[in-house]
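S.K.: This is the structure, below, for whatever I ask next.
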Amino acid sequence: MQKRNCILLLSLLMTITACQSKSTATLFPTQTPTSTPTVPISIQEKKAAILQEINALVDQYNDFLEKEKSADNYKIIQLPDGSDSVKFTGESAGKVFTELMQVNGKITELNEKYYKLSVEENSSIAYPNETPKANELGKLQSKYSAWLTQELVVGSKIKLVSEDGTKLDMLIGDSYVAMKERENKIAAAQEKANQDYQEYINSDLDIQIIQKIEGKNVQVTFTEAAISSYRTDVAYSTYETQDRYYTLDSNLRLVVRIEPKNMMVGSEGLSVPKLEKMAREMIVLVSPEINLDTLTYSLGQKIGTYFFRWEDRTKPFLDDGQSYPFVQVGLNGKGELLNYINTLPMSREK
């Protein structure tokens, strides 16, 4: 009887425990930790944040300039466009220059981040679908120069004042991306030009011209196609020898520039008439097609340096907007070459 009661008691305790366990599980269910879903930031939002950061940097830089003006190390100057600006002097000039370089670097980094986000949206910005031909390099450079001038007026930009009062415009955001896209196309054209330009222009004939100047045994190496500020729609061929750099118009087979690799310093020695005679003799050697008697002569002279120049004032200005077509020979007082420049082939008709 006692044994049976013990069994009944044990059975009752097990039933109560089971019911408690079941009740507890129902009243206090296990809580699974949950996290708030992260909303992805769109590329457009990231780009907008970058522009805000750039503008904040400009505001901070302008605040810095105002604080630096309190040291009274500045003066008001008038810029060539007629506007007034602030030129810093003394210690302030160095501080402003250092700050400007830092801000400039940060803005460039942010512009590059903006550019990479734009490439994520459209990869053709970084990798042009069509590779321009080598002979299109000059046109691309000319169009880019015109576009950049206009974009700096109407595009997205910021303005920074340098320590000397110059106002520097920097493209930002979409304008910076557009600039990079055009530069990528030019770089592709440059690469293409460097690959096949020698065949396109038949560089062997150019090399023969250079060897007539330095000697038939001189080693001449083609370097790249290049653009001149004097004529922006034509690509010129550049070469080098052991001692000099050459630029030629390979269509006309004319030398347009010679520069020594080691720039000669100014020095006195020979008389001006003797130096002018040497300049004339070099023109006869390099560009025998030029008739100096039809051009206007002038002499530019500094300490130990002499620049003999002949201009064709019957032609309009070159593409730089300020120079008549000219041929120039620069010599130091010992008669050593400083430069040879022939822009006569770059002239345009009126």
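In the structure tokens, chains take letters A, B, ... by order of appearance, with residues numbered from 1 within each chain and ligands from 1 in the order shown.
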I need the residues of region 213-347 of chain A that end up classed as helix (DSSP H, G or I) by DSSP on the backbone, written out as a ChimeraX atom specification.
M.R.: /A:213-214,272-286,292-294,344-346
S.K.: How would the residues just chosen look if you wrote them out with C-alpha atoms as a CSV table (one decimal), in the first residue's frame?
M.R.:
chain,number,residue,atom,x,y,z
A,213,ILE,CA,71.3,68.7,-89.1
A,214,GLU,CA,73.3,66.6,-86.7
A,272,VAL,CA,75.6,90.5,-81.0
A,273,PRO,CA,76.5,90.8,-84.7
A,274,LYS,CA,78.4,87.5,-84.5
A,275,LEU,CA,75.6,85.8,-82.7
A,276,GLU,CA,73.0,87.1,-85.3
A,277,LYS,CA,75.2,85.7,-88.0
A,278,MET,CA,75.2,82.3,-86.3
A,279,ALA,CA,71.4,82.5,-85.9
A,280,ARG,CA,70.9,83.2,-89.6
A,281,GLU,CA,73.3,80.3,-90.5
A,282,MET,CA,71.2,77.9,-88.4
A,283,ILE,CA,68.0,79.0,-90.1
A,284,VAL,CA,69.6,78.3,-93.5
A,285,LEU,CA,70.7,74.9,-92.3
A,286,VAL,CA,67.4,73.8,-90.6
A,292,LEU,CA,64.3,86.3,-93.9
A,293,ASP,CA,64.3,89.4,-96.1
A,294,THR,CA,60.5,89.3,-96.3
A,344,LEU,CA,55.8,80.0,-90.0
A,345,PRO,CA,54.3,76.7,-91.2
A,346,MET,CA,51.6,77.1,-88.5
S.K.: Name the residues in contact with Lys69 (chain A) at a cut-off of 10 Å, using only C-alpha atoms, excluding same-chain residues fewer than 6 positions from it; report them as a list in words.
M.R.: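 Residues near the query, excluding close chain neighbours: Asp63, Lys75, Val86, Lys87, Phe88 and Ser92 of chain A.
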S.K.: Just write the chosen residues, C-alpha atoms, as a PDB file, in the first residue's frame.
M.R.:
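File produced: part_13.pdb:
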ATOM      1  CA  ASP A  63      36.969  81.395 -43.477  1.00  0.00           C
ATOM      2  CA  LYS A  75      46.986  94.331 -49.822  1.00  0.00           C
ATOM      3  CA  VAL A  86      43.570  90.151 -52.009  1.00  0.00           C
ATOM      4  CA  LYS A  87      47.299  89.502 -52.234  1.00  0.00           C
ATOM      5  CA  PHE A  88      48.827  88.134 -49.041  1.00  0.00           C
ATOM      6  CA  SER A  92      50.547  84.997 -44.437  1.00  0.00           C
TER       7      SER A  92
END
S.K.: Calculated over only C-alpha atoms, which of the candidates A:Phe97, A:Tyr61, A:Tyr297, A:Tyr239 has the smallest distance to Ala225 (chain A)?
M.R.: A:Tyr239
S.K.: Residues within 9 Å of Ala235 (chain A), please, as a ChimeraX atom specification. Count only C-alpha atoms; anything in the same chain fewer than 3 positions from it doesn't count.
M.R.: /A:134-139,225-228,231-232,249-250
S.K.: Please produce a file of the residues just selected, as a PDB file, in the first residue's frame, where the atoms kept are C-alpha atoms.
M.R.:
ATOM      1  CA  ALA A 134      45.954  59.029 -84.803  1.00  0.00           C
ATOM      2  CA  ASN A 135      45.332  61.900 -87.209  1.00  0.00           C
ATOM      3  CA  GLU A 136      42.332  63.022 -85.118  1.00  0.00           C
ATOM      4  CA  LEU A 137      44.500  63.914 -82.137  1.00  0.00           C
ATOM      5  CA  GLY A 138      44.860  67.558 -83.151  1.00  0.00           C
ATOM      6  CA  LYS A 139      41.114  68.034 -83.632  1.00  0.00           C
ATOM      7  CA  ALA A 225      52.655  62.935 -81.525  1.00  0.00           C
ATOM      8  CA  ALA A 226      52.154  66.320 -79.909  1.00  0.00           C
ATOM      9  CA  ILE A 227      50.075  69.486 -80.154  1.00  0.00           C
ATOM     10  CA  SER A 228      51.367  73.051 -80.264  1.00  0.00           C
ATOM     11  CA  ARG A 231      48.418  75.578 -84.086  1.00  0.00           C
ATOM     12  CA  THR A 232      46.007  73.401 -82.142  1.00  0.00           C
ATOM     13  CA  ASP A 249      55.469  68.935 -89.228  1.00  0.00           C
ATOM     14  CA  SER A 250      55.548  65.554 -90.923  1.00  0.00           C
TER      15      SER A 250
END
S.K.: Nearest residue to Ser145 (chain A) out of A:Arg182, A:Val161, A:Val218, A:Ser298, using only C-alpha atoms?
M.R.: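 Of A:Arg182, A:Val161, A:Val218, A:Ser298, the one nearest Ser145 (chain A) is A:Arg182, counting only C-alpha atoms.
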S.K.: Please, what distance in Å, to one decimal, runs between CA of Val154 (chain A) and CA of Tyr230 (chain A)?
M.R.: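 Rounded to one decimal, the two atoms are 25.9 Å apart.
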S.K.: To one decimal in Å, tell me the separation between CA of Gln322 (chain A) and CA of Trp147 (chain A).
M.R.: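 Interatomic distance, CA of Gln322 (chain A) to CA of Trp147 (chain A): 20.3 Å.
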S.K.: Can you pull out every residue within 9 Å of Lys180 (chain A), counting only C-alpha atoms, but drop anything in the same chain fewer than 4 positions away, and send it as number ranges by chain?
M.R.: A: 115, 125-126, 175-176, 184-185
S.K.: Mind listing the strand (DSSP E) residues of region 62-137 of chain A, per DSSP on the backbone, as a short mmCIF file (atom, residue, chain, number, x, y, z; two decimals) with C-alpha atoms, in the first residue's frame?
M.R.:
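Final output, saved to states.cif:
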data_model
loop_
_atom_site.label_atom_id
_atom_site.label_comp_id
_atom_site.auth_asym_id
_atom_site.auth_seq_id
_atom_site.Cartn_x
_atom_site.Cartn_y
_atom_site.Cartn_z
CA TYR A 74 47.78 91.65 -47.30
CA LYS A 75 46.99 94.33 -49.82
CA ILE A 76 44.18 94.91 -52.30
CA ILE A 77 45.20 94.47 -55.93
CA GLN A 78 43.44 94.70 -59.27
CA ASP A 84 39.73 93.43 -57.08
CA SER A 85 41.45 90.70 -55.11
CA VAL A 86 43.57 90.15 -52.01
CA LYS A 87 47.30 89.50 -52.23
CA PHE A 88 48.83 88.13 -49.04
#
S.K.: Which residues are close to Leu331 (chain A), i.e. within 10 Å by only C-alpha atoms, leaving aside same-chain residues fewer than 6 positions away? Reply as a PDB file with C-alpha atoms, in the first residue's frame.
M.R.:
ATOM      1  CA  MET A 264      72.387  76.135 -71.527  1.00  0.00           C
ATOM      2  CA  VAL A 265      72.719  78.941 -68.994  1.00  0.00           C
ATOM      3  CA  GLY A 266      73.208  82.533 -70.031  1.00  0.00           C
ATOM      4  CA  SER A 267      76.738  83.691 -70.542  1.00  0.00           C
ATOM      5  CA  LEU A 275      75.561  85.796 -82.705  1.00  0.00           C
ATOM      6  CA  GLU A 276      73.047  87.095 -85.250  1.00  0.00           C
ATOM      7  CA  MET A 278      75.171  82.290 -86.279  1.00  0.00           C
ATOM      8  CA  ALA A 279      71.368  82.483 -85.920  1.00  0.00           C
ATOM      9  CA  GLN A 301      67.983  90.215 -74.970  1.00  0.00           C
ATOM     10  CA  GLY A 304      73.701  86.365 -71.329  1.00  0.00           C
ATOM     11  CA  THR A 305      70.789  85.257 -73.564  1.00  0.00           C
ATOM     12  CA  TYR A 306      69.807  86.472 -77.036  1.00  0.00           C
ATOM     13  CA  PHE A 307      66.661  85.664 -79.010  1.00  0.00           C
ATOM     14  CA  PHE A 308      66.817  86.551 -82.708  1.00  0.00           C
ATOM     15  CA  LEU A 337      71.593  76.846 -78.672  1.00  0.00           C
ATOM     16  CA  LEU A 338      68.778  77.702 -76.270  1.00  0.00           C
ATOM     17  CA  ASN A 339      65.951  76.999 -78.700  1.00  0.00           C
ATOM     18  CA  TYR A 340      64.921  77.035 -82.326  1.00  0.00           C
TER      19      TYR A 340
END
S.K.: Considering only C-alpha atoms, return as a ChimeraX atom specification whatever protein or nucleic-acid residues lie within 6 Å of Thr247 (chain A), sequence-local ones (same chain, fewer than 5 positions apart) excluded.
M.R.: /A:237-238,256-257
